[in-house]
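Content type compact mmCIF, C-alpha atoms, from the file work-v4.txt:
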```txt
# COMPACT_ATOMS: atom_id res chain seq x y z
CA MET F 447 16.56 -11.60 10.53
CA ASN F 448 15.37 -10.03 13.80
CA ILE F 449 11.68 -10.94 14.24
CA ASN F 450 10.84 -7.52 15.72
CA LEU F 451 12.24 -5.82 12.65
CA ALA F 452 10.37 -8.24 10.43
CA VAL F 453 7.08 -7.48 12.16
CA ARG F 454 7.67 -3.75 11.91
CA HIS F 455 8.24 -4.17 8.18
CA SER F 456 5.12 -6.31 7.79
CA LEU F 457 3.08 -3.59 9.45
CA ALA F 458 4.42 -1.07 6.96
CA SER F 459 3.30 -3.28 4.13
CA LEU F 460 -0.36 -2.58 4.83
CA GLY F 461 -0.19 0.66 2.87
CA LEU F 462 0.79 -1.26 -0.25
CA LEU F 463 -2.39 -3.29 -0.44
CA LEU F 464 -3.73 -1.01 -3.15
CA CYS F 465 -5.44 -2.52 -5.94
CA GLY F 466 -6.45 -4.51 -6.83
CA SER F 467 -5.60 -4.35 -7.76
CA GLN F 468 -6.63 -4.96 -6.48
CA SER F 469 -4.39 -4.67 -6.96
CA SER F 470 -5.76 -6.87 -6.96
CA LEU F 471 -2.15 -7.23 -6.33
CA ALA F 472 -1.40 -6.52 -9.85
CA MET F 473 0.41 -5.51 -12.73
CA ASN F 474 2.24 -2.19 -12.50
CA PHE F 475 3.05 -3.08 -8.91
CA ASN F 476 -0.65 -2.94 -8.12
CA ILE F 477 -2.47 -1.13 -10.91
CA PRO F 478 -4.04 -3.21 -13.72
CA SER F 479 -2.37 -2.90 -17.12
CA SER F 480 -5.45 -0.96 -18.25
CA ALA F 481 -8.99 -0.43 -17.01
CA SER F 482 -10.17 -0.96 -20.59
CA ILE F 483 -10.68 -4.66 -21.36
CA GLU F 484 -9.71 -4.18 -25.00
CA SER F 485 -6.49 -2.34 -24.06
CA ALA F 486 -5.64 -4.92 -21.37
CA GLN F 487 -5.73 -7.56 -24.14
CA MET F 488 -2.96 -5.50 -25.79
CA GLY F 489 -0.67 -5.32 -22.75
CA GLY F 490 -2.30 -2.03 -21.73
CA ALA F 491 -1.20 -0.04 -24.80
CA SER F 492 -3.78 2.72 -25.10
CA MET F 493 -2.27 6.23 -25.00
CA ALA F 494 -2.69 6.70 -28.75
CA PHE F 495 -5.39 4.07 -29.38
CA ALA F 496 -8.72 4.51 -27.58
CA GLN F 497 -11.12 1.56 -27.75
CA SER F 498 -13.61 2.03 -24.90
CA SER F 499 -14.98 4.72 -22.60
CA MET F 500 -12.67 3.54 -19.79
CA ILE F 501 -9.88 5.34 -21.71
CA ALA F 502 -9.87 8.39 -19.38
CA SER F 503 -8.05 6.22 -16.84
CA ASP F 504 -5.11 6.44 -19.29
CA ASN F 505 -5.69 9.37 -21.69
CA PRO F 506 -8.85 11.53 -21.49
CA ALA F 507 -8.30 12.88 -25.00
CA GLY F 508 -9.17 9.43 -26.37
CA MET F 509 -12.84 10.08 -25.58
CA ALA F 510 -12.99 12.45 -28.56
CA ASN F 511 -12.72 9.57 -31.05
CA LEU F 512 -15.18 7.10 -29.49
CA GLY F 513 -18.62 8.39 -30.46
CA ASN F 514 -21.66 7.64 -28.31
CA ARG F 515 -21.13 4.48 -26.26
CA VAL F 516 -21.31 2.81 -22.86
CA ASP F 517 -18.95 0.09 -21.53
CA GLY F 518 -18.51 -2.24 -18.59
CA GLY F 519 -15.58 -4.45 -17.63
CA LEU F 520 -14.56 -7.15 -15.17
CA GLN F 521 -10.99 -8.33 -14.62
CA MET F 522 -10.98 -11.42 -12.40
CA PHE F 523 -7.61 -11.59 -10.64
CA PHE F 524 -6.24 -14.97 -9.49
CA GLY F 525 -3.08 -15.04 -7.35
CA SER F 526 -1.05 -17.84 -5.78
CA PHE F 527 1.83 -17.18 -3.39
CA HIS F 528 4.42 -19.45 -1.76
CA SER F 529 6.65 -17.38 0.47
CA SER F 530 8.71 -17.31 3.65
CA PHE F 531 8.80 -14.60 6.31
CA GLY F 532 11.78 -13.90 8.58
CA ASN F 533 13.45 -17.25 7.86
CA GLU F 534 13.23 -19.98 5.24
CA ASN F 535 11.22 -22.29 7.52
CA ASN F 536 8.47 -19.81 8.38
CA ARG F 537 6.41 -20.41 5.24
CA ASP F 538 2.97 -19.19 4.30
CA ASP F 539 1.18 -20.34 1.14
CA PHE F 540 -2.08 -18.67 0.14
CA LYS F 541 -4.33 -17.88 -2.80
CA VAL F 542 -6.49 -14.86 -3.58
CA LYS F 543 -9.31 -14.13 -6.01
CA VAL F 544 -10.33 -10.50 -6.54
CA PRO F 545 -12.78 -8.88 -8.99
CA ILE F 546 -11.63 -5.59 -10.56
CA LEU F 547 -14.53 -3.60 -11.99
CA SER F 548 -14.53 -0.74 -14.51
CA GLY F 549 -17.00 1.10 -16.71
CA GLY F 550 -17.74 4.27 -18.58
CA PHE F 551 -19.82 6.20 -21.07
CA ASN F 552 -19.28 8.89 -23.68
CA HIS F 553 -21.69 11.35 -25.31
CA VAL F 554 -20.94 13.41 -28.41
CA VAL F 555 -22.29 16.93 -27.92
CA ASP F 556 -21.27 18.20 -31.37
CA GLU F 557 -18.58 17.62 -33.97
CA ARG F 558 -15.89 18.93 -31.59
CA LEU F 559 -17.04 18.37 -28.01
CA SER F 560 -17.64 15.11 -26.11
CA LEU F 561 -18.59 14.54 -22.47
CA GLY F 562 -18.21 11.29 -20.59
CA MET F 563 -16.95 9.45 -17.55
CA SER F 564 -14.58 6.59 -16.81
CA ILE F 565 -14.96 4.53 -13.62
CA TYR F 566 -12.19 2.24 -12.42
CA SER F 567 -11.15 0.49 -9.22
CA ILE F 568 -7.86 -0.61 -7.71
CA GLY F 569 -7.12 -2.22 -4.38
CA SER F 570 -6.65 -5.46 -2.50
CA GLY F 571 -6.48 -6.98 0.91
CA SER F 572 -5.79 -10.07 2.97
CA ASP F 573 -7.98 -12.26 5.16
CA TYR F 574 -5.85 -14.88 6.91
CA SER F 575 -7.08 -17.68 9.14
CA HIS F 576 -4.21 -17.12 11.58
CA GLU F 577 -2.59 -14.37 13.61
CA ALA F 578 0.47 -12.49 12.39
CA VAL F 579 2.80 -13.98 15.04
CA PRO F 580 1.77 -17.42 16.36
CA GLY F 581 1.06 -17.83 20.08
CA MET F 582 0.23 -14.23 20.99
CA GLY F 583 -3.54 -14.73 21.07
CA ASN F 584 -4.23 -11.83 18.72
CA PRO F 585 -7.04 -11.65 16.12
CA ASP F 586 -6.52 -13.17 12.70
CA VAL F 587 -5.00 -10.76 10.19
CA LYS F 588 -7.49 -8.89 8.01
CA THR F 589 -6.46 -5.93 5.86
CA LYS F 590 -8.10 -3.93 3.10
CA ILE F 591 -7.20 -0.95 0.96
CA ALA F 592 -9.43 -0.16 -2.01
CA TYR F 593 -9.99 2.80 -4.30
CA LEU F 594 -12.97 3.54 -6.53
CA ASN F 595 -12.21 6.42 -8.89
CA PHE F 596 -14.62 8.46 -11.02
CA ALA F 597 -13.24 10.50 -13.92
CA PRO F 598 -15.78 12.96 -15.40
CA THR F 599 -14.17 13.93 -18.69
CA LEU F 600 -14.39 16.64 -21.33
CA SER F 601 -12.68 16.09 -24.68
CA TYR F 602 -12.41 18.62 -27.49
CA LYS F 603 -11.23 18.38 -31.09
CA VAL F 604 -9.07 21.42 -31.70
CA THR F 605 -8.88 20.26 -35.32
CA PRO F 606 -10.38 17.14 -36.92
CA ASP F 607 -7.08 15.35 -36.19
CA LEU F 608 -5.99 16.87 -32.85
CA ALA F 609 -7.93 16.28 -29.62
CA VAL F 610 -7.31 17.36 -26.05
CA GLY F 611 -9.03 16.10 -22.92
CA ALA F 612 -9.28 16.78 -19.21
CA SER F 613 -10.68 14.70 -16.34
CA VAL F 614 -11.54 15.58 -12.77
CA LEU F 615 -10.61 12.61 -10.58
CA ILE F 616 -12.83 11.86 -7.59
CA GLY F 617 -11.86 8.89 -5.44
CA ILE F 618 -13.30 6.91 -2.54
CA GLN F 619 -10.75 5.06 -0.39
CA GLN F 620 -11.43 2.38 2.22
CA LEU F 621 -8.73 1.26 4.68
CA GLN F 622 -8.81 -1.50 7.29
CA ALA F 623 -6.08 -3.11 9.41
CA ARG F 624 -6.77 -5.81 12.00
CA GLY F 625 -4.44 -8.20 13.79
CA LEU F 626 -1.14 -6.49 12.92
CA VAL F 627 1.60 -6.40 15.54
CA ALA F 628 4.54 -4.04 16.08
CA PRO F 629 7.51 -3.78 18.46
CA THR F 630 7.20 -1.54 21.51
CA ALA F 631 9.93 0.65 22.99
CA ASP F 632 11.34 -2.26 25.04
CA GLY F 633 11.47 -4.55 21.99
CA SER F 634 8.46 -6.70 22.88
CA LEU F 635 5.60 -7.20 20.45
CA ALA F 636 2.18 -5.62 20.87
CA LEU F 637 -1.04 -5.60 18.88
CA SER F 638 -1.36 -2.54 16.66
CA PRO F 639 -4.66 -0.69 17.20
CA SER F 640 -7.45 -1.42 14.76
CA HIS F 641 -9.90 1.31 13.87
CA GLY F 642 -12.32 -0.68 11.72
CA ILE F 643 -12.94 0.49 8.16
CA SER F 644 -11.95 4.09 7.47
CA THR F 645 -13.50 5.77 4.40
CA THR F 646 -11.96 8.91 2.91
CA LEU F 647 -12.38 11.00 -0.22
CA GLY F 648 -9.69 12.06 -2.67
CA TYR F 649 -9.33 14.37 -5.62
CA GLY F 650 -7.01 14.94 -8.56
CA TRP F 651 -6.98 15.60 -12.30
CA ARG F 652 -5.61 14.22 -15.54
CA VAL F 653 -4.99 15.92 -18.92
CA GLY F 654 -4.12 14.39 -22.27
CA ALA F 655 -3.74 14.92 -26.00
CA LEU F 656 -4.18 12.67 -29.04
CA TRP F 657 -2.97 13.60 -32.54
CA ASN F 658 -3.79 11.60 -35.65
CA VAL F 659 -0.72 12.73 -37.57
CA ASN F 660 -1.80 10.97 -40.78
CA PRO F 661 -3.83 7.87 -41.70
CA TRP F 662 -1.09 5.51 -40.48
CA LEU F 663 0.27 7.24 -37.35
CA SER F 664 -1.29 8.49 -34.07
CA VAL F 665 0.52 10.02 -31.09
CA GLY F 666 -0.88 10.45 -27.58
CA GLY F 667 0.13 11.36 -24.05
CA SER F 668 -1.26 12.23 -20.62
CA TYR F 669 -0.27 13.52 -17.19
CA SER F 670 -1.83 13.30 -13.73
CA PRO F 671 -0.25 14.63 -10.50
CA LYS F 672 -0.45 12.88 -7.15
CA MET F 673 -4.05 12.18 -6.15
CA ARG F 674 -4.52 13.42 -2.59
CA PHE F 675 -6.81 11.63 -0.11
CA GLY F 676 -8.09 12.76 3.26
CA ASP F 677 -6.80 11.64 6.64
CA ALA F 678 -7.79 8.09 7.56
CA LYS F 679 -9.72 8.27 10.83
CA GLY F 680 -7.83 6.51 13.62
CA TYR F 681 -5.03 5.23 11.39
CA LYS F 682 -3.74 8.76 10.90
CA ASP F 683 -2.43 8.70 14.48
CA ASP F 684 -0.46 5.43 14.23
CA LEU F 685 -0.16 3.46 10.98
CA LEU F 686 -0.12 6.51 8.68
CA ALA F 687 1.38 9.03 11.10
CA ILE F 688 4.68 9.05 9.18
CA ALA F 689 2.81 10.30 6.08
CA GLY F 690 0.70 12.95 7.80
CA GLY F 691 -2.28 10.63 8.19
CA HIS F 692 -3.18 9.94 4.57
CA LEU F 693 -2.28 7.53 1.77
CA ASP F 694 -2.27 9.00 -1.75
CA LEU F 695 -2.15 7.62 -5.27
CA PRO F 696 1.05 8.48 -7.18
CA GLU F 697 1.81 10.90 -9.97
CA GLN F 698 1.93 9.27 -13.39
CA TYR F 699 2.53 10.30 -16.98
CA GLY F 700 3.00 8.57 -20.30
CA VAL F 701 3.23 8.77 -24.08
CA GLY F 702 2.27 6.37 -26.84
CA LEU F 703 2.31 5.68 -30.57
CA ALA F 704 -0.17 3.77 -32.70
CA LEU F 705 0.71 2.60 -36.21
CA HIS F 706 -2.04 1.74 -38.68
CA PRO F 707 -0.30 -0.02 -41.62
CA THR F 708 -3.72 -1.07 -42.96
CA GLU F 709 -7.32 -0.18 -42.14
CA ASP F 710 -7.66 -3.47 -40.25
CA LEU F 711 -4.38 -3.60 -38.30
CA THR F 712 -3.06 -1.40 -35.46
CA LEU F 713 0.26 -1.71 -33.63
CA ALA F 714 0.47 0.34 -30.40
CA VAL F 715 3.28 1.05 -27.92
CA ASP F 716 3.29 3.06 -24.65
CA TYR F 717 5.77 4.33 -22.10
CA LEU F 718 4.34 5.00 -18.62
CA ARG F 719 6.02 6.38 -15.49
CA ILE F 720 4.50 5.83 -12.02
CA ASN F 721 6.20 7.71 -9.17
CA TRP F 722 5.53 5.47 -6.15
CA GLY F 723 8.65 6.85 -4.50
CA ASP F 724 7.08 10.30 -4.16
CA VAL F 725 4.16 9.08 -2.03
CA GLY F 726 4.59 9.47 1.72
CA PHE F 727 4.58 6.17 3.63
CA LEU F 728 5.22 4.12 0.48
CA ASN F 729 8.67 5.66 0.03
CA ASN F 730 9.83 5.11 3.63
CA PRO F 731 13.19 3.25 3.31
CA GLU F 732 12.62 1.67 6.74
CA GLY F 733 9.29 0.30 5.55
CA ALA F 734 7.89 -0.22 2.06
CA GLY F 735 10.73 1.50 0.21
CA LEU F 736 8.94 1.48 -3.14
CA ASN F 737 10.80 2.52 -6.27
CA ASN F 738 9.43 4.58 -9.14
CA GLN F 739 8.47 2.44 -12.13
CA ASN F 740 9.13 2.66 -15.85
CA ILE F 741 6.54 0.63 -17.76
CA TYR F 742 6.51 -0.38 -21.42
CA ARG F 743 3.34 -1.70 -23.06
CA ALA F 744 2.89 -2.99 -26.62
CA GLY F 745 0.13 -4.71 -28.51
CA LEU F 746 -1.65 -5.29 -31.79
CA SER F 747 -5.29 -5.27 -32.85
CA TRP F 748 -6.54 -6.95 -36.04
CA ASP F 749 -10.05 -6.72 -37.43
CA ALA F 750 -10.08 -10.23 -38.87
CA ASN F 751 -13.56 -9.66 -40.33
CA LYS F 752 -16.77 -7.79 -39.52
CA THR F 753 -17.49 -10.16 -36.63
CA PHE F 754 -14.15 -10.59 -34.81
CA THR F 755 -11.33 -8.32 -33.65
CA LEU F 756 -8.27 -10.22 -32.38
CA ARG F 757 -5.70 -8.72 -29.99
CA ALA F 758 -2.42 -9.63 -28.29
CA GLY F 759 0.24 -7.77 -26.30
CA PHE F 760 2.85 -7.70 -23.57
CA LYS F 761 3.98 -5.44 -20.76
CA THR F 762 7.31 -5.12 -18.95
CA ALA F 763 8.20 -2.85 -16.02
CA SER F 764 11.07 -2.00 -13.72
CA GLU F 765 10.88 -3.23 -10.13
CA ALA F 766 8.77 -1.31 -7.63
CA VAL F 767 9.74 -3.77 -4.87
CA ASP F 768 13.43 -4.65 -4.46
CA ALA F 769 15.22 -7.41 -2.55
CA GLU F 770 15.95 -5.08 0.39
CA HIS F 771 12.22 -4.67 1.11
CA THR F 772 10.64 -8.11 0.69
CA ALA F 773 9.70 -8.23 4.40
CA ALA F 774 7.88 -4.89 4.15
CA ASN F 775 5.90 -6.09 1.15
CA TYR F 776 5.25 -9.64 2.30
CA TYR F 777 1.48 -9.24 2.64
CA SER F 778 1.18 -7.30 -0.62
CA PRO F 779 3.48 -9.24 -2.96
CA GLY F 780 3.13 -7.18 -6.14
CA ILE F 781 6.50 -8.28 -7.48
CA LEU F 782 5.66 -9.48 -11.00
CA ASN F 783 6.63 -7.01 -13.71
CA ASP F 784 6.19 -8.83 -17.03
CA SER F 785 2.99 -10.12 -18.62
CA ILE F 786 1.55 -11.36 -21.89
CA SER F 787 -2.09 -11.05 -22.91
CA ALA F 788 -4.50 -11.93 -25.69
CA GLY F 789 -8.21 -11.80 -26.45
CA PHE F 790 -10.93 -10.94 -28.89
CA THR F 791 -14.07 -8.88 -29.34
CA TYR F 792 -17.17 -10.40 -30.90
CA HIS F 793 -19.22 -7.76 -32.70
CA LEU F 794 -22.89 -8.58 -32.36
CA PRO F 795 -25.71 -6.97 -34.36
CA GLU F 796 -27.06 -3.63 -33.16
CA GLN F 797 -23.52 -2.39 -32.35
CA THR F 798 -22.99 -4.49 -29.23
CA ASP F 799 -19.50 -5.84 -28.47
CA ILE F 800 -18.54 -8.75 -26.20
CA SER F 801 -14.84 -8.94 -25.25
CA VAL F 802 -13.03 -11.89 -23.68
CA GLY F 803 -9.32 -12.13 -22.87
CA TYR F 804 -6.59 -13.42 -20.59
CA GLU F 805 -3.49 -11.83 -19.07
CA TYR F 806 -0.71 -14.03 -17.70
CA HIS F 807 2.00 -12.57 -15.48
CA LEU F 808 5.32 -14.35 -15.74
CA PRO F 809 6.00 -15.96 -12.31
CA ASP F 810 9.03 -14.97 -10.28
CA THR F 811 10.67 -15.29 -6.86
CA LEU F 812 12.26 -12.35 -5.07
CA HIS F 813 14.82 -13.40 -2.45
CA GLY F 814 15.24 -10.97 0.44
CA LYS F 815 18.59 -9.36 1.21
CA GLY F 816 19.99 -7.33 4.08
CA THR F 817 17.38 -6.78 6.79
CA SER F 818 14.92 -8.74 4.62
CA SER F 819 17.08 -11.89 4.50
CA GLY F 820 14.89 -14.95 4.94
CA SER F 821 11.78 -13.17 3.61
CA ASN F 822 11.28 -14.50 0.11
CA ILE F 823 8.27 -13.89 -2.12
CA LYS F 824 7.21 -16.33 -4.83
CA ALA F 825 4.20 -15.22 -6.87
CA HIS F 826 1.98 -16.47 -9.67
CA TYR F 827 -0.99 -14.53 -10.94
CA SER F 828 -3.27 -14.00 -13.92
CA GLN F 829 -6.50 -12.30 -14.94
CA VAL F 830 -9.56 -13.28 -16.92
CA LEU F 831 -10.80 -10.26 -18.89
CA LEU F 832 -14.50 -9.77 -19.63
CA GLY F 833 -16.14 -6.72 -21.18
CA ILE F 834 -19.29 -5.48 -22.89
CA GLY F 835 -19.78 -2.33 -24.95
CA LYS F 836 -22.72 -0.70 -26.72
CA LYS F 837 -22.54 1.98 -29.41
CA PHE F 838 -25.42 4.36 -30.07
```
Go through the file and emit its structure as structure tokens.
Amino acid sequence: MNINLAVRHSLASLGLLLCGSQSSLAMNFNIPSSASIESAQMGGASMAFAQSSMIASDNPAGMANLGNRVDGGLQMFFGSFHSSFGNENNRDDFKVKVPILSGGFNHVVDERLSLGMSIYSIGSGSDYSHEAVPGMGNPDVKTKIAYLNFAPTLSYKVTPDLAVGASVLIGIQQLQARGLVAPTADGSLALSPSHGISTTLGYGWRVGALWNVNPWLSVGGSYSPKMRFGDAKGYKDDLLAIAGGHLDLPEQYGVGLALHPTEDLTLAVDYLRINWGDVGFLNNPEGAGLNNQNIYRAGLSWDANKTFTLRAGFKTASEAVDAEHTAANYYSPGILNDSISAGFTYHLPEQTDISVGYEYHLPDTLHGKGTSSGSNIKAHYSQVLLGIGKKF
């Protein structure tokens, strides 16, 4: 593989360091399976089964069934990567550890109306102890892209069994790129300008519905268009110029079912679509070349007794990153698409819940093809899930 082409691709990869999450580098390419700790224990299944006030990150209508409560969550992301860039001998092994925070509250105004807010973060970054191309004397590579989203939410029960909800999405984005290199017109390599940390604001909306068809079946769904962010100061003139100077979050929509065969047992399944390919910069075939994703989430929740609720689930998704674009996504290797998860909630007196869980992403290696030949990504990652909730 031509090293100049490889470096150009690696520069393009900066825009993919979203998450987490952080990512994080995570889960649905880089969005955690769910901001809700309880739902994450179930593979993310939540469209028709709301369990915490972080639910507006999936389906704002779920707030209608929660009552008065406040929640907080931490997903600790651990990643290990053993990859090669440009050729099989140019290897780079590294590990990352990223906290992904979430929270929310909900207040019942009357028997029909509830007001609340979900708060969730996604994003990631890299902080290497070496320069991108050895021997050039450039600064060590340091990148960051992080989003903190606030979702003020109104939910309304049209009937006792049918709820609708709407959220205004307000986001804060931070972008940083230092030590990246790119080819010049004559083919030589030059240091890409760094503009420090750029902070921008974004806006969007999400709507949803949740219908308890009968005591054993619930149906839910939601939709949110592309979330638009402002131009990133400095980076809009070089790194993000191809996308008009800004980096947005993609359109997504989904539907879900929840079966309640007994009062103590729930089985939930979701389908989610994330349109990465419609976001400028991320869809550039000469750079990131991200594909749209189809995501399937399934899980179960069992109230074993008055003290413990046990949960388990899995998630599988189509590939956002393909073998033709491993070089472009080398520094944001969100290639793992399948995960399993489990956990429990311990119900303390005075309506306080403590939740603990674990999500394991099945490891994989993506071997580069075409212009990405020699750039292979091998990834392992997992998350420890911790949450606390209080009902009033």
**Request:** Skip Pro639 of chain F itself and residues of its chain fewer than 3 positions away, then list as a list in words all residues within 9 Å of it, counting all atoms listed in the file.
**Result:** Ala623, Arg624, Gly625, Leu626, Val627, Gly680, Tyr681, Asp684 and Leu685 of chain F
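Distance-wise, atom CA of Lys836 of chain F and atom CA of Tyr669 of chain F end up 28.2 Å apart.
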**Request:** May I ask for the distance between atom CA of Val610 of chain F and atom CA of Ala502 of chain F, given in Å to one decimal place?
**Result:** 11.5 Å
Under the rule of at most 8 Å, produce a per-residue listing of segment 475-594 of chain F near segment 784-806 of chain F: chain, number, name, the closest pair of atoms, and the distance in Å, as a tab-separated table, using all atoms listed in the file.
```
residue	atom	partner	partner_atom	distance
F:Ile483	CA	F:Ser801	CA	7.1
F:Glu484	CA	F:Ser801	CA	7.0
F:Ala486	CA	F:Ser787	CA	7.2
F:Gln487	CA	F:Ala788	CA	4.8
F:Met488	CA	F:Ser787	CA	6.3
F:Gly489	CA	F:Ser787	CA	5.9
```
**Prompt:** So which one's closest to Ile616 of chain F, F:Gly650, F:Gly550, F:Gly642, F:Gly814? Using all atoms listed in the file, please.
**Reply:**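 The answer is F:Gly650, which sits nearest to Ile616 of chain F.
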**Given only C-alpha atoms as the counted atoms, nearest of F:Ala496, F:Leu621, F:Val665, F:Leu736 to Ile720 of chain F** =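 That would be F:Leu736, the residue with the smallest distance to Ile720 of chain F.
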**Message:** So that I can check the surroundings of Val555 of chain F, please list as an MDAnalysis selection string every protein, DNA and RNA residue that reaches within 10 Å of it, counting all atoms listed in the file and ignoring chain neighbours fewer than 6 positions away.
**Reply:** chainID F and resid 513:514 561
**Prompt:** For Pro809 of chain F, which of F:Asn738, F:Ser526, F:Asn658, F:Asn533 is the closest residue, counting only C-alpha atoms?
**Reply:**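 When distances to Pro809 of chain F are compared using only C-alpha atoms, the smallest one comes from F:Ser526.
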**Item:** Shortest interatomic distance to Lys837 of chain F - which of F:Asp504, F:Glu534, F:Asp677, F:Asp517, counting all atoms listed in the file
**Value:**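 So, comparing all the options, the nearest one is F:Asp517.
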Quick one: everything within 10 Å of Met563 of chain F, counting only C-alpha atoms, minus sequence neighbours fewer than 4 positions away in the same chain. Send it as an mmCIF file with C-alpha atoms, keeping the file's coordinate frame.
```
data_model
loop_
_atom_site.group_PDB
_atom_site.id
_atom_site.type_symbol
_atom_site.label_atom_id
_atom_site.label_comp_id
_atom_site.auth_asym_id
_atom_site.auth_seq_id
_atom_site.Cartn_x
_atom_site.Cartn_y
_atom_site.Cartn_z
ATOM 1 C CA SER F 499 -14.980 4.720 -22.600
ATOM 2 C CA MET F 500 -12.670 3.540 -19.790
ATOM 3 C CA ILE F 501 -9.880 5.340 -21.710
ATOM 4 C CA ALA F 502 -9.870 8.390 -19.380
ATOM 5 C CA SER F 503 -8.050 6.220 -16.840
ATOM 6 C CA PRO F 506 -8.850 11.530 -21.490
ATOM 7 C CA MET F 509 -12.840 10.080 -25.580
ATOM 8 C CA VAL F 516 -21.310 2.810 -22.860
ATOM 9 C CA GLY F 549 -17.000 1.100 -16.710
ATOM 10 C CA GLY F 550 -17.740 4.270 -18.580
ATOM 11 C CA PHE F 551 -19.820 6.200 -21.070
ATOM 12 C CA ASN F 552 -19.280 8.890 -23.680
ATOM 13 C CA HIS F 553 -21.690 11.350 -25.310
ATOM 14 C CA PHE F 596 -14.620 8.460 -11.020
ATOM 15 C CA ALA F 597 -13.240 10.500 -13.920
ATOM 16 C CA PRO F 598 -15.780 12.960 -15.400
ATOM 17 C CA THR F 599 -14.170 13.930 -18.690
ATOM 18 C CA LEU F 600 -14.390 16.640 -21.330
ATOM 19 C CA SER F 613 -10.680 14.700 -16.340
ATOM 20 C CA VAL F 614 -11.540 15.580 -12.770
ATOM 21 C CA LEU F 615 -10.610 12.610 -10.580
#
```
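Distances here use all atoms listed in the file; by that measure, the residue among F:Ala714, F:Ala763, F:Ala734, F:Val604 closest to Gln497 of chain F is F:Ala714.
Take atom CA of Gln521 of chain F and atom CA of Gly780 of chain F: the distance between them is 16.5 Å.
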Take every atom of segment 587-604 of chain F listed in the file, pad by 3 Å on each side, and give me the axis-aligned box centre and edge lengths in Å, one decimal, as lines of an AutoDock Vina configuration file.
```
center_x = -10.4
center_y = 5.3
center_z = -10.8
size_x = 16.8
size_y = 38.2
size_z = 47.9
```
**Prompt:** Got a sec: who's within 9 Å of Asp607 of chain F, counting all atoms listed in the file, leaving out chain neighbours fewer than 5 positions off, as JSON, numbers by chain?
**Reply:** {"F": [656, 657, 658, 659, 660]}
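Comparing the minimum interatomic distances between Lys761 of chain F and each of F:Ser492, F:Ser482, F:Asn783, F:Ser601, counting only C-alpha atoms, we find that F:Asn783 sits nearest.
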**Item:** Shell around Thr762 of chain F at 12 Å using all atoms listed in the file, local window under 3 positions removed, as an NGL selection string
**Value:** :F and (473-475 or 479 or 489-491 or 715-718 or 739-745 or 759 or 765 or 781-787 or 807-808)
Could you pull out every residue with an atom within 7 Å of (1.1, 13.5, -11.3), file coordinates, counting all atoms listed in the file, and send them as a short mmCIF file (atom, residue, chain, number, x, y, z; two decimals) with C-alpha atoms, in the coordinates of the input?
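Below is the file selection-v7.cif, written as the result:
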```cif
data_model
loop_
_atom_site.label_atom_id
_atom_site.label_comp_id
_atom_site.auth_asym_id
_atom_site.auth_seq_id
_atom_site.Cartn_x
_atom_site.Cartn_y
_atom_site.Cartn_z
CA TYR F 669 -0.27 13.52 -17.19
CA SER F 670 -1.83 13.30 -13.73
CA PRO F 671 -0.25 14.63 -10.50
CA LYS F 672 -0.45 12.88 -7.15
CA PRO F 696 1.05 8.48 -7.18
CA GLU F 697 1.81 10.90 -9.97
CA GLN F 698 1.93 9.27 -13.39
CA TYR F 699 2.53 10.30 -16.98
#
```
Can I get C-alpha atoms for segment 644-662 of chain F, as an mmCIF file, in the first residue's frame?
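result_25.cif, written as the output of this step:
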```cif
data_model
loop_
_atom_site.group_PDB
_atom_site.id
_atom_site.type_symbol
_atom_site.label_atom_id
_atom_site.label_comp_id
_atom_site.auth_asym_id
_atom_site.auth_seq_id
_atom_site.Cartn_x
_atom_site.Cartn_y
_atom_site.Cartn_z
ATOM 1 C CA SER F 644 -12.887 23.273 19.004
ATOM 2 C CA THR F 645 -16.256 23.364 20.816
ATOM 3 C CA THR F 646 -19.512 23.566 18.870
ATOM 4 C CA LEU F 647 -23.222 23.258 19.601
ATOM 5 C CA GLY F 648 -25.732 21.023 17.858
ATOM 6 C CA TYR F 649 -29.468 20.524 17.778
ATOM 7 C CA GLY F 650 -32.002 17.915 16.731
ATOM 8 C CA TRP F 651 -35.152 16.128 17.869
ATOM 9 C CA ARG F 652 -36.553 12.672 18.482
ATOM 10 C CA VAL F 653 -40.163 11.419 18.592
ATOM 11 C CA GLY F 654 -41.529 8.076 19.721
ATOM 12 C CA ALA F 655 -44.596 6.032 20.619
ATOM 13 C CA LEU F 656 -45.233 3.147 23.016
ATOM 14 C CA TRP F 657 -48.407 1.028 22.969
ATOM 15 C CA ASN F 658 -49.262 -1.537 25.615
ATOM 16 C CA VAL F 659 -51.447 -3.635 23.334
ATOM 17 C CA ASN F 660 -52.536 -5.973 26.140
ATOM 18 C CA PRO F 661 -51.042 -7.286 29.397
ATOM 19 C CA TRP F 662 -48.551 -9.504 27.548
#
```
